[in-house]
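What's in protein_18.txt: compact mmCIF, C-alpha atoms and all ligand atoms
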# COMPACT_ATOMS: atom_id res chain seq x y z
CA MET A 14 -19.39 -12.86 0.73
CA SER A 15 -16.45 -12.04 2.96
CA MET A 16 -13.11 -13.39 1.83
CA LEU A 17 -11.58 -16.50 3.25
CA SER A 18 -14.20 -16.92 5.98
CA MET A 19 -15.29 -19.90 3.84
CA PRO A 20 -12.99 -22.37 2.14
CA PHE A 21 -14.09 -21.25 -1.29
CA THR A 22 -16.40 -18.62 -2.77
CA VAL A 23 -17.52 -17.68 -6.26
CA ARG A 24 -19.49 -14.67 -7.41
CA PHE A 25 -20.22 -12.82 -10.60
CA ASP A 26 -20.02 -9.06 -10.84
CA PRO A 27 -22.00 -8.00 -13.94
CA THR A 28 -20.75 -4.38 -13.82
CA ASN A 29 -17.21 -5.50 -14.43
CA GLN A 30 -18.15 -8.70 -16.29
CA GLU A 31 -16.02 -10.44 -13.75
CA VAL A 32 -16.20 -13.89 -12.14
CA VAL A 33 -14.37 -13.81 -8.83
CA LEU A 34 -13.00 -17.07 -7.43
CA SER A 35 -11.44 -16.94 -3.99
CA GLY A 36 -10.27 -19.23 -1.21
CA LYS A 37 -9.25 -22.87 -1.44
CA MET A 38 -10.65 -24.87 -4.34
CA ARG A 39 -9.80 -28.44 -3.43
CA PRO A 40 -12.73 -30.72 -4.33
CA GLU A 41 -12.43 -34.51 -4.50
CA SER A 42 -14.63 -34.52 -7.58
CA ALA A 43 -15.80 -31.87 -10.06
CA ALA A 44 -19.38 -32.47 -8.87
CA GLU A 45 -18.52 -30.80 -5.55
CA ILE A 46 -17.85 -27.49 -7.30
CA ALA A 47 -20.61 -27.88 -9.90
CA ASP A 48 -22.34 -24.62 -8.87
CA ALA A 49 -19.18 -22.59 -9.25
CA LEU A 50 -18.41 -24.16 -12.62
CA GLU A 51 -21.94 -23.52 -13.79
CA LEU A 52 -21.63 -19.85 -12.85
CA VAL A 53 -18.41 -19.58 -14.86
CA ARG A 54 -20.06 -21.32 -17.82
CA GLN A 55 -23.14 -19.08 -17.75
CA SER A 56 -21.08 -15.91 -17.44
CA LEU A 57 -19.07 -16.90 -20.49
CA GLU A 58 -22.21 -17.77 -22.41
CA LYS A 59 -24.14 -14.59 -21.59
CA TYR A 60 -21.54 -11.87 -21.90
CA SER A 61 -19.69 -10.45 -24.90
CA GLY A 62 -16.50 -8.44 -25.22
CA ILE A 63 -14.11 -9.35 -22.41
CA VAL A 64 -15.09 -11.57 -19.50
CA TYR A 65 -12.69 -11.43 -16.55
CA LEU A 66 -11.89 -14.36 -14.30
CA ASN A 67 -10.43 -12.86 -11.15
CA VAL A 68 -8.31 -15.39 -9.24
CA LYS A 69 -6.32 -12.83 -7.22
CA ARG A 70 -7.45 -14.36 -3.94
CA LEU A 71 -7.62 -17.97 -5.01
CA THR A 72 -5.04 -19.34 -2.59
CA HIS A 73 -5.20 -23.02 -3.65
CA ILE A 74 -6.56 -25.02 -6.57
CA ASN A 75 -6.07 -28.76 -6.98
CA MET A 76 -5.82 -30.67 -10.26
CA THR A 77 -9.46 -31.80 -10.15
CA ALA A 78 -10.72 -28.23 -9.96
CA PHE A 79 -8.16 -26.93 -12.44
CA THR A 80 -9.04 -29.55 -15.03
CA ALA A 81 -12.78 -28.93 -14.64
CA LEU A 82 -12.22 -25.19 -14.98
CA TYR A 83 -10.03 -25.74 -18.03
CA ASP A 84 -12.79 -27.76 -19.72
CA ILE A 85 -15.31 -24.98 -19.21
CA LEU A 86 -12.95 -22.26 -20.41
CA ALA A 87 -11.94 -24.33 -23.45
CA ALA A 88 -15.60 -24.95 -24.33
CA GLY A 89 -16.29 -21.20 -23.88
CA CYS A 90 -13.42 -20.34 -26.23
CA ARG A 91 -14.64 -22.83 -28.83
CA THR A 92 -18.27 -21.74 -28.89
CA ARG A 93 -17.60 -17.97 -28.85
CA PRO A 94 -14.19 -17.43 -30.49
CA GLU A 95 -14.80 -13.64 -30.78
CA ARG A 96 -15.22 -13.20 -27.00
CA LYS A 97 -12.06 -12.66 -24.95
CA ILE A 98 -11.39 -14.16 -21.55
CA LYS A 99 -8.89 -12.44 -19.31
CA ILE A 100 -7.65 -14.26 -16.22
CA VAL A 101 -6.43 -11.81 -13.59
CA THR A 102 -3.88 -13.24 -11.16
CA SER A 103 -1.73 -11.64 -8.48
CA SER A 104 2.00 -11.88 -7.86
CA VAL A 105 1.11 -12.64 -4.24
CA MET A 106 0.16 -16.10 -5.51
CA ALA A 107 3.46 -16.95 -7.16
CA TRP A 108 2.22 -20.25 -8.59
CA SER A 109 -0.92 -18.76 -10.07
CA ALA A 110 0.38 -16.81 -13.06
CA SER A 111 2.44 -19.70 -14.45
CA LEU A 112 -0.37 -22.19 -13.96
CA PHE A 113 -2.93 -20.03 -15.73
CA GLU A 114 -0.44 -19.04 -18.43
CA MET A 115 -0.47 -22.69 -19.47
CA LEU A 116 -4.12 -22.20 -20.42
CA ALA A 117 -3.34 -19.09 -22.42
CA ALA A 118 -0.80 -21.05 -24.45
CA SER A 119 -3.44 -23.48 -25.64
CA LEU A 120 -6.50 -21.19 -25.86
CA PRO A 121 -5.90 -18.26 -28.24
CA ASN A 122 -8.70 -15.98 -27.01
CA LEU A 123 -7.63 -16.32 -23.40
CA SER A 124 -4.96 -14.17 -21.78
CA VAL A 125 -3.44 -13.80 -18.32
CA GLU A 126 -2.64 -10.55 -16.56
CA VAL A 127 -0.69 -10.21 -13.32
CA TYR A 128 -2.57 -7.15 -12.09
CA ASP A 129 -0.20 -6.01 -9.36
CA SER A 130 2.95 -6.00 -11.44
CA ALA A 131 2.16 -2.30 -12.00
CA PHE A 132 -1.08 -1.50 -10.30
CA TYR A 133 -0.65 2.03 -9.10
CA PRO A 134 1.14 4.74 -10.98
CA GLY A 135 3.83 5.69 -8.47
CA GLN A 136 4.86 2.12 -7.70
CA SER A 137 8.20 2.14 -9.47
CA PHE A 138 9.41 5.16 -7.47
CA VAL A 139 8.20 3.94 -4.12
CA GLU A 140 9.44 0.38 -4.43
CA ASP A 141 12.80 1.57 -5.66
CA GLU A 142 15.72 0.48 -3.49
CA SER A 143 16.95 4.04 -3.21
CA PHE A 144 13.98 4.64 -0.92
CA ILE A 145 15.40 2.36 1.79
CA PRO A 146 17.71 4.90 3.43
CA ILE A 147 14.99 7.56 3.24
CA LEU A 148 12.47 5.35 4.95
CA ARG A 149 14.88 4.44 7.69
CA THR A 150 15.84 7.99 8.62
CA GLN A 151 12.23 9.13 8.28
CA THR A 152 11.05 6.55 10.78
CA LYS A 153 13.81 7.46 13.19
CA MET A 154 12.68 11.09 13.10
CA THR A 155 8.93 10.52 13.21
CA TRP A 156 9.20 7.91 15.99
CA ARG A 157 10.13 10.59 18.54
CA HIS A 158 6.69 12.08 17.98
CA GLU A 159 4.70 8.97 17.27
CA ARG A 160 5.77 6.97 20.33
CA GLU A 161 4.10 9.70 22.44
CA LEU A 162 0.97 9.81 20.27
CA LEU A 163 0.36 6.11 19.70
CA PRO A 164 -1.17 5.29 23.12
CA ARG A 165 -3.75 8.08 22.62
CA HIS A 166 -4.68 6.43 19.32
CA GLY A 167 -5.16 3.03 20.96
CA LEU A 168 -1.81 1.20 20.96
CA ARG A 169 -1.01 -0.67 24.17
CA SER A 170 0.81 -3.82 25.09
CA GLY A 171 -0.92 -7.13 24.48
CA VAL A 172 -2.94 -6.06 21.43
CA ALA A 173 -3.06 -7.82 18.07
CA MET A 174 -1.61 -5.36 15.60
CA ALA A 175 -0.97 -5.15 11.86
CA ASP A 176 1.27 -2.63 10.10
CA ILE A 177 0.11 -2.53 6.50
CA CYS A 178 2.58 -1.23 3.88
CA CYS A 179 5.30 -1.72 6.48
CA GLY A 180 8.16 -0.88 4.11
CA ILE A 181 11.46 -1.97 5.58
CA GLY A 182 9.74 -2.89 8.85
CA ASP A 183 11.53 -0.47 11.14
CA PHE A 184 8.30 0.95 12.61
CA ALA A 185 7.13 -2.58 13.39
CA GLY A 186 10.49 -3.23 15.10
CA LEU A 187 10.16 -0.12 17.27
CA VAL A 188 6.58 -1.01 18.22
CA GLN A 189 7.60 -4.58 19.06
CA ARG A 190 10.30 -3.33 21.41
CA GLU A 191 8.41 -0.54 23.11
CA PHE A 192 4.79 -1.67 23.17
CA LYS A 193 5.08 -5.47 23.14
CA PRO A 194 1.92 -6.35 21.21
CA ALA A 195 0.68 -9.94 21.55
CA ARG A 196 0.83 -10.34 17.79
CA LEU A 197 2.38 -8.17 15.10
CA VAL A 198 1.85 -8.72 11.39
CA ALA A 199 3.85 -6.43 9.07
CA LEU A 200 2.73 -6.60 5.43
CA ASP A 201 4.24 -5.09 2.32
CA HIS A 202 4.33 -5.66 -1.39
CA SER A 203 8.02 -5.09 -1.91
CA VAL A 204 10.04 -8.29 -1.70
CA ARG A 205 13.27 -6.34 -1.30
CA SER A 206 11.93 -4.28 1.59
CA LEU A 207 10.66 -7.40 3.34
CA ASP A 208 14.01 -9.20 2.88
CA TYR A 209 15.69 -6.18 4.38
CA ALA A 210 13.16 -6.08 7.25
CA ARG A 211 13.77 -9.74 8.09
CA LYS A 212 17.54 -9.22 8.09
CA VAL A 213 17.30 -6.19 10.37
CA ALA A 214 14.96 -8.05 12.75
CA ALA A 215 17.34 -11.03 12.84
CA GLY A 216 20.32 -8.71 13.42
CA PHE A 217 18.56 -7.04 16.35
CA ASP A 218 17.28 -10.39 17.63
CA LEU A 219 13.74 -9.09 17.37
CA GLN A 220 11.43 -12.05 17.37
CA GLY A 221 7.80 -12.57 16.64
CA ILE A 222 7.13 -10.04 13.88
CA GLU A 223 5.25 -11.80 11.09
CA TYR A 224 6.67 -10.14 7.96
CA THR A 225 4.22 -10.95 5.21
CA TYR A 226 4.24 -10.43 1.46
CA GLY A 227 0.87 -9.20 0.31
CA ASP A 228 -1.19 -6.67 -1.54
CA ALA A 229 -2.72 -4.15 0.84
CA SER A 230 -5.71 -3.59 -1.40
CA GLN A 231 -6.59 -7.31 -1.50
CA MET A 232 -5.23 -8.84 1.68
CA LEU A 233 -5.33 -12.50 2.53
CA LEU A 234 -5.88 -11.64 6.19
CA ARG A 235 -9.17 -12.62 7.83
CA ASP A 236 -11.87 -10.10 8.79
CA ASP A 237 -12.07 -8.60 12.29
CA GLN A 238 -8.81 -9.86 13.76
CA PHE A 239 -6.65 -6.86 14.78
CA ASP A 240 -7.13 -4.40 17.65
CA PHE A 241 -4.82 -1.87 16.07
CA VAL A 242 -4.06 -1.47 12.36
CA THR A 243 -1.51 1.05 11.13
CA CYS A 244 -0.80 2.30 7.63
CA ARG A 245 1.84 4.98 7.54
CA HIS A 246 2.73 7.31 4.67
CA SER A 247 1.12 4.93 2.24
CA LEU A 248 -2.51 5.89 1.59
CA GLN A 249 -1.10 9.01 -0.05
CA ILE A 250 0.77 7.05 -2.68
CA PHE A 251 -2.26 5.10 -3.92
CA ASP A 252 -4.51 6.47 -6.58
CA ARG A 253 -7.50 4.86 -4.79
CA PRO A 254 -6.96 5.27 -1.03
CA GLU A 255 -10.60 4.39 -0.25
CA MET A 256 -9.95 0.88 -1.52
CA LEU A 257 -7.09 0.47 0.92
CA LEU A 258 -9.08 1.94 3.79
CA ARG A 259 -11.83 -0.60 3.13
CA GLU A 260 -9.27 -3.35 3.65
CA LEU A 261 -7.86 -1.74 6.81
CA TYR A 262 -11.42 -1.50 8.12
CA ARG A 263 -12.16 -5.11 7.23
CA ILE A 264 -9.23 -6.63 9.12
CA CYS A 265 -9.76 -4.39 12.17
CA LYS A 266 -11.86 -5.80 15.04
CA PRO A 267 -15.10 -3.97 15.86
CA GLY A 268 -14.06 -1.55 18.60
CA GLY A 269 -10.44 -1.59 17.35
CA ARG A 270 -8.71 1.36 15.72
CA VAL A 271 -7.04 2.12 12.40
CA TYR A 272 -4.16 4.62 12.54
CA ILE A 273 -2.85 6.40 9.44
CA THR A 274 -0.15 8.97 8.81
CA ASN A 275 0.07 11.24 5.78
CA GLU A 276 1.84 14.42 4.77
CA LYS A 277 1.06 17.79 3.33
CA ASN A 278 4.22 18.40 1.36
CA SER A 279 3.41 21.93 0.27
CA HIS A 280 3.64 22.90 3.96
CA CYS A 281 7.26 21.87 4.37
CA LEU A 282 9.09 24.99 5.45
CA GLY A 283 12.41 26.52 6.36
CA GLU A 284 14.28 29.70 7.21
CA PRO A 285 16.32 31.21 5.67
CA HIS A 286 15.24 31.05 1.99
CA ALA A 287 11.59 30.44 2.86
CA ASP A 288 10.30 31.41 -0.59
CA SER A 289 12.51 29.07 -2.56
CA ILE A 290 11.68 26.20 -0.19
CA LYS A 291 7.95 26.93 -0.41
CA TRP A 292 8.04 27.03 -4.21
CA THR A 293 9.81 23.68 -4.44
CA TYR A 294 7.43 21.87 -2.10
CA GLU A 295 4.39 23.25 -3.88
CA GLU A 296 5.94 21.76 -7.00
CA VAL A 297 6.51 18.46 -5.15
CA ALA A 298 2.77 18.24 -4.54
CA LYS A 299 2.06 18.89 -8.23
CA LEU A 300 4.68 16.37 -9.31
CA PHE A 301 3.18 13.62 -7.18
CA SER A 302 -0.28 14.46 -8.39
CA HIS A 303 1.02 14.04 -11.95
CA PHE A 304 1.71 10.42 -10.99
CA ASP A 305 -1.70 10.13 -9.26
CA MET A 306 -0.35 10.34 -5.72
CA ASP A 307 -1.66 12.82 -3.20
CA VAL A 308 1.08 14.01 -0.83
CA GLU A 309 -1.32 16.71 0.39
CA MET A 310 -3.49 14.08 2.06
CA GLY A 311 -2.67 14.75 5.75
CA PRO A 312 -5.49 17.18 6.55
CA LYS A 313 -7.93 15.05 4.55
CA SER A 314 -7.49 12.16 7.01
CA ARG A 315 -10.55 13.04 9.09
CA HIS A 316 -12.95 12.96 6.19
CA LEU A 317 -11.31 9.88 4.67
CA LEU A 318 -11.72 7.96 7.93
CA LEU A 319 -15.32 9.14 8.39
CA ASN A 320 -16.22 8.20 4.82
CA ALA A 321 -14.73 4.76 5.39
CA GLY A 322 -17.15 4.20 8.30
CA PHE A 323 -14.91 4.93 11.29
CA GLU A 324 -16.07 6.87 14.37
CA ASP A 325 -14.36 8.67 17.25
CA ILE A 326 -11.79 10.20 14.89
CA LYS A 327 -8.63 11.60 16.46
CA VAL A 328 -6.26 13.79 14.47
CA ASP A 329 -2.82 15.01 15.51
CA CYS A 330 -0.39 17.08 13.53
CA PHE A 331 3.28 17.20 14.33
CA MET A 332 6.31 18.80 12.75
CA VAL A 333 9.53 16.88 12.27
CA THR A 334 12.28 19.50 12.43
CA ASN A 335 16.04 19.89 12.29
CA LEU A 336 15.95 20.42 16.06
CA ASP A 337 14.71 16.86 16.70
CA GLY A 338 18.00 15.08 17.25
CA ASP A 339 20.81 15.41 14.73
CA PRO A 340 20.15 18.10 12.05
CA GLN A 341 22.17 15.97 9.64
CA ASP A 342 19.39 13.33 9.76
CA PHE A 343 16.93 15.92 8.59
CA ALA A 344 19.33 17.02 5.85
CA ASP A 345 19.82 13.39 4.74
CA ILE A 346 16.07 12.98 4.24
CA ILE A 347 15.85 16.11 2.13
CA GLU A 348 18.85 15.09 0.02
CA ALA A 349 17.26 11.72 -0.61
CA TRP A 350 13.99 13.41 -1.61
CA GLU A 351 15.93 15.65 -4.02
CA ASN A 352 17.52 12.60 -5.62
CA VAL A 353 14.23 10.81 -6.20
CA TYR A 354 11.91 13.75 -6.88
CA ALA A 355 14.21 15.95 -9.00
CA GLY A 356 16.58 13.24 -10.25
CA GLU A 357 13.96 10.67 -11.26
CA MET A 358 10.35 11.80 -11.10
CA ALA A 359 10.75 15.24 -12.70
CA VAL A 360 12.94 13.69 -15.39
CA ARG A 361 10.28 11.04 -16.04
CA ARG A 362 7.64 13.79 -16.30
CA GLY A 363 9.78 15.42 -18.98
CA ASP A 364 10.60 18.64 -17.08
CA SER A 365 13.08 21.10 -18.55
CA ALA A 366 16.63 21.49 -17.25
CA ASP A 367 15.73 25.01 -16.03
CA PHE A 368 12.78 23.74 -14.04
CA ILE A 369 14.83 20.94 -12.52
CA ARG A 370 17.59 23.36 -11.51
CA ARG A 371 15.12 25.62 -9.68
CA PHE A 372 13.32 22.60 -8.24
CA ARG A 373 16.61 21.24 -6.85
CA GLN A 374 17.50 24.65 -5.39
CA GLY A 375 14.54 24.54 -2.97
CA PHE A 376 15.78 21.21 -1.56
CA LYS A 377 19.31 22.60 -1.26
CA ASP A 378 17.90 25.62 0.59
CA HIS A 379 15.97 23.30 2.88
CA VAL A 380 19.17 21.40 3.67
CA PHE A 381 20.95 24.73 4.22
CA ALA A 382 18.21 25.84 6.66
CA ALA A 383 18.46 22.50 8.48
CA LEU A 384 22.23 22.69 8.93
CA HIS A 385 22.56 26.44 9.54
CA PRO A 386 23.35 27.18 13.20
CA LYS A 387 20.44 29.66 13.32
CA GLY A 388 18.24 27.91 10.75
CA TYR A 389 14.96 26.05 11.14
CA ALA A 390 13.52 23.42 8.82
CA GLY A 391 10.26 21.50 9.15
CA TRP A 392 8.25 18.66 7.65
CA PRO A 393 4.63 18.44 8.87
CA ILE A 394 2.81 15.12 9.31
CA TRP A 395 -0.76 14.24 10.21
CA ALA A 396 -1.45 11.19 12.36
CA ALA A 397 -5.11 10.22 12.53
CA SER A 398 -7.12 7.26 13.76
CA GLY A 399 -10.70 6.08 13.87
CA ARG A 400 -12.60 3.34 15.70
CA LYS A 401 -14.47 0.62 13.84
CA PRO A 402 -18.01 0.63 15.23
CA LEU A 403 -19.06 -2.29 17.44
C1 LIG B 1 6.07 5.41 1.31
S1 LIG B 1 6.34 3.76 1.75
C2 LIG B 1 5.94 3.76 3.47
C3 LIG B 1 6.56 2.63 4.21
C4 LIG B 1 6.41 2.64 5.73
N1 LIG B 1 5.04 2.51 6.15
C5 LIG B 1 7.03 3.86 6.32
O1 LIG B 1 6.33 4.72 6.83
O2 LIG B 1 8.25 3.94 6.30
C6 LIG B 1 5.02 2.90 1.02
C7 LIG B 1 5.10 1.40 1.13
O3 LIG B 1 3.92 0.85 0.59
C8 LIG B 1 4.28 -0.38 -0.04
N2 LIG B 1 3.19 -0.74 -0.95
C9 LIG B 1 2.84 -0.12 -2.08
N3 LIG B 1 1.78 -0.73 -2.62
C10 LIG B 1 1.46 -1.75 -1.83
C11 LIG B 1 0.46 -2.74 -1.87
N4 LIG B 1 -0.45 -2.77 -2.82
N5 LIG B 1 0.43 -3.63 -0.89
C12 LIG B 1 1.33 -3.60 0.11
N6 LIG B 1 2.30 -2.69 0.19
C13 LIG B 1 2.37 -1.77 -0.77
C14 LIG B 1 5.57 -0.07 -0.71
O4 LIG B 1 6.27 -1.24 -1.02
C15 LIG B 1 6.25 0.79 0.36
O5 LIG B 1 7.01 -0.02 1.23
Would it be possible to restate this file's structure as structure tokens?
Amino acid sequence: MSMLSMPFTVRFDPTNQEVVLSGKMRPESAAEIADALELVRQSLEKYSGIVYLNVKRLTHINMTAFTALYDILAAGCRTRPERKIKIVTSSVMAWSASLFEMLAASLPNLSVEVYDSAFYPGQSFVEDESFIPILRTQTKMTWRHERELLPRHGLRSGVAMADICCGIGDFAGLVQREFKPARLVALDHSVRSLDYARKVAAGFDLQGIEYTYGDASQMLLRDDQFDFVTCRHSLQIFDRPEMLLRELYRICKPGGRVYITNEKNSHCLGEPHADSIKWTYEEVAKLFSHFDMDVEMGPKSRHLLLNAGFEDIKVDCFMVTNLDGDPQDFADIIEAWENVYAGEMAVRRGDSADFIRRFRQGFKDHVFAALHPKGYAGWPIWAASGRKPL
């Protein structure tokens, strides 16, 4: 059943041995939710090993429902002490983990897991604060290209738009100013980035952007509500991009479009010192893949969008270069990449000092190419969109 279109839903997924509760569980008496409780009871009775109770999208639960659920879980723990129950909550529901942890304290075979505290391998790098200046300069440089492309992909004034994985919200700010959508939701999972985004918006007196904390792979946004959904530079950092695309598809209106941007890092280039630069960026792609991220995703956008059910696919490729505006901006991006990729990720992978020295050299050569009066340095990006069928 689709999420949140009803006040409350319950289903059991036998493949994952998982009971999924979602929506608002606010009965006046336990009898009102008897069917749901019965399903929980039966699932606990029938299945061995670990049974999961997924409450990631349970937005509300009142005391009546909580007590009734507690009774069933407690009875399940008593009758089958060898079977484990794992309650899976989300940090998006701040109240949820502490509430359910109370149960774990009194029922020994029950445990609570906050699934999105570390739910994709590259998270700690991407949500690191040191990424903020990179993101900001990146958006400034890509915007020159994207503002021209966006109308072709379906953005126009008056639409309802969502920017999913909005980061520090600067793209949303630019869109708000230039395209004046009727509604603009900007969602991210980094509290620090969102705080920053709100401050910047307030500083620029930009009103009306709905900055929202959420998990892009399990959003609390209703189905079919946006004309234009964007997700920039983010599918490539998830180990399961299809899962995210399913969510982008779900919240998009039939006839609306989903727009994604991704890179192909091994195609970053520069002159002079082309070979050293090429070597380093090929290594960047391998390094990301070590952490289950695919920074080679750009050219795969067409097939990803088709597989997700979109039609009328449009794909553009553009090159951000040192000749777009101030070459120092380009150089700043590369220096920031060097700091995170060579200074943190390669170290975490356990690379040798020799490797890291050579790896760093390619970034330095890229910066040199960008700042050299006769040099040229580029970073290619793929922007693609697809229409959700009517
Ligand atoms: C590489 S950044 C891109 C940010 C922005 N779209 C841009 O182009 O500047 C990826 C963003 O995805 C966010 N993110 C990662 N996992 C997420 C999730 N499950 N739900 C929502 N946002 C997530 C990170 O916090 C980060 O801001």
For this session: Name the residues within 8 Å of (-3.5, -19.3, -7.7), counting only C-alpha atoms in the file's coordinates, and put them as a VMD selection string.
Result: chain A and resid 68 to 74 102 to 103 106 to 110 112
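Between ligand LIG 1 (chain B) and the residues A:Tyr389, A:Phe21, A:Phe184, A:Phe381, the shortest atom-to-atom distance, using all atoms listed in the file, involves A:Phe184.
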For this session: Residues within 6 Å of ligand LIG 1 (chain B), counting only C-alpha atoms and all ligand atoms: report them as a list in words.
Result: Val139, Glu140, Leu148, Thr152, Cys178, Cys179, Gly180, Asp201, His202, Ser203, Gly227, Asp228, Ala229, Ser230, Arg245, His246 and Ser247 of chain A
Hey, can you spit out that residue selection with C-alpha atoms as a PDB file, in the frame of the given file?
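Below is the file result_27.pdb, written as the result:
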ATOM      1  CA  VAL A 139       8.200   3.940  -4.120  1.00  0.00           C
ATOM      2  CA  GLU A 140       9.440   0.380  -4.430  1.00  0.00           C
ATOM      3  CA  LEU A 148      12.470   5.350   4.950  1.00  0.00           C
ATOM      4  CA  THR A 152      11.050   6.550  10.780  1.00  0.00           C
ATOM      5  CA  CYS A 178       2.580  -1.230   3.880  1.00  0.00           C
ATOM      6  CA  CYS A 179       5.300  -1.720   6.480  1.00  0.00           C
ATOM      7  CA  GLY A 180       8.160  -0.880   4.110  1.00  0.00           C
ATOM      8  CA  ASP A 201       4.240  -5.090   2.320  1.00  0.00           C
ATOM      9  CA  HIS A 202       4.330  -5.660  -1.390  1.00  0.00           C
ATOM     10  CA  SER A 203       8.020  -5.090  -1.910  1.00  0.00           C
ATOM     11  CA  GLY A 227       0.870  -9.200   0.310  1.00  0.00           C
ATOM     12  CA  ASP A 228      -1.190  -6.670  -1.540  1.00  0.00           C
ATOM     13  CA  ALA A 229      -2.720  -4.150   0.840  1.00  0.00           C
ATOM     14  CA  SER A 230      -5.710  -3.590  -1.400  1.00  0.00           C
ATOM     15  CA  ARG A 245       1.840   4.980   7.540  1.00  0.00           C
ATOM     16  CA  HIS A 246       2.730   7.310   4.670  1.00  0.00           C
ATOM     17  CA  SER A 247       1.120   4.930   2.240  1.00  0.00           C
TER      18      SER A 247
END
Problem set entry | Proximity to Asp240 (chain A) - best of A:Arg270, A:Lys212, A:Lys277, A:Arg149, only C-alpha atoms |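 Closest candidate: A:Arg270.
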Problem set entry | Contact residues around Asp237 (chain A) with only C-alpha atoms at 8 Å, ignoring same-chain residues under 4 positions, as a list in words | Arg263, Ile264, Cys265, Lys266 and Pro267 of chain A
Residues just named, written with C-alpha atoms as an mmCIF file, in the frame of the given file:
data_model
loop_
_atom_site.group_PDB
_atom_site.id
_atom_site.type_symbol
_atom_site.label_atom_id
_atom_site.label_comp_id
_atom_site.auth_asym_id
_atom_site.auth_seq_id
_atom_site.Cartn_x
_atom_site.Cartn_y
_atom_site.Cartn_z
ATOM 1 C CA ARG A 263 -12.160 -5.110 7.230
ATOM 2 C CA ILE A 264 -9.230 -6.630 9.120
ATOM 3 C CA CYS A 265 -9.760 -4.390 12.170
ATOM 4 C CA LYS A 266 -11.860 -5.800 15.040
ATOM 5 C CA PRO A 267 -15.100 -3.970 15.860
#
Exercise. What is the CA of Ser206 (chain A)-CA of Thr274 (chain A) distance in Å, reported with one decimal?
Worked result: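 Interatomic distance here is 19.3 Å.
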Problem set entry | Å distance separating CA of Leu34 (chain A) from CA of Thr22 (chain A), one decimal place |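 One can read the CA of Leu34 (chain A) to CA of Thr22 (chain A) distance as 6.0 Å.
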Problem set entry | One-decimal distance in Å that lies between CA of Leu86 (chain A) and CA of Ile63 (chain A) |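 That distance, rounded to one decimal, is 13.1 Å.
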Problem set entry | Selected residue, from A:Thr293, A:Ser111, A:Gln189, A:Thr155, that lies nearest to Asp342 (chain A) when counting only C-alpha atoms | A:Thr155
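With all atoms listed in the file as the atoms that count, the residue of A:Gly363, A:Gly283, A:Gly311, A:Gly36 with the shortest distance to Ala382 (chain A) is A:Gly283.
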Exercise. From the list A:Cys281, A:Val198, A:Ile46, A:Met306, which residue is nearest Thr225 (chain A) when using all atoms listed in the file?
Worked result: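 The answer is A:Val198, which sits nearest to Thr225 (chain A).
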For this session: Please identify all polymer residues within 9 Å of Gly269 (chain A), counting all atoms listed in the file, omitting same-chain residues fewer than 4 positions from it, and present them as a VMD selection string.
Result: chain A and resid 167 237 239 to 242 265 399 to 403
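Nearest residue to Met332 (chain A), choosing from A:Trp395, A:Ala298, A:Arg361, A:Lys313 and counting all atoms listed in the file: A:Trp395.
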For this session: Please identify all polymer residues within 6 Å of region 115-126 of chain A, counting only C-alpha atoms, omitting same-chain residues fewer than 5 positions from it, and present them as a list in words.
Result: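 After dropping sequence-adjacent residues, the list is Lys97, Ile98, Lys99, Ile100 and Val101 of chain A.
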For Glu223 (chain A), work out the shell of residues within 9 Å, counting only C-alpha atoms and skipping chain neighbours fewer than 5 positions away, then give it as a PDB file with C-alpha atoms, in the frame of the given file.
ATOM      1  CA  ARG A 196       0.830 -10.340  17.790  1.00  0.00           C
ATOM      2  CA  LEU A 197       2.380  -8.170  15.100  1.00  0.00           C
ATOM      3  CA  VAL A 198       1.850  -8.720  11.390  1.00  0.00           C
ATOM      4  CA  ALA A 199       3.850  -6.430   9.070  1.00  0.00           C
ATOM      5  CA  LEU A 200       2.730  -6.600   5.430  1.00  0.00           C
TER       6      LEU A 200
END
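Omitting Asn29 (chain A) and its sequence neighbours fewer than 3 positions away, and counting all atoms listed in the file, the residues within 12 Å are Arg24, Phe25, Asp26, Val32, Val33, Ser56, Tyr60, Ser61, Gly62, Ile63, Val64, Tyr65, Leu66, Asn67 and Lys99 of chain A.
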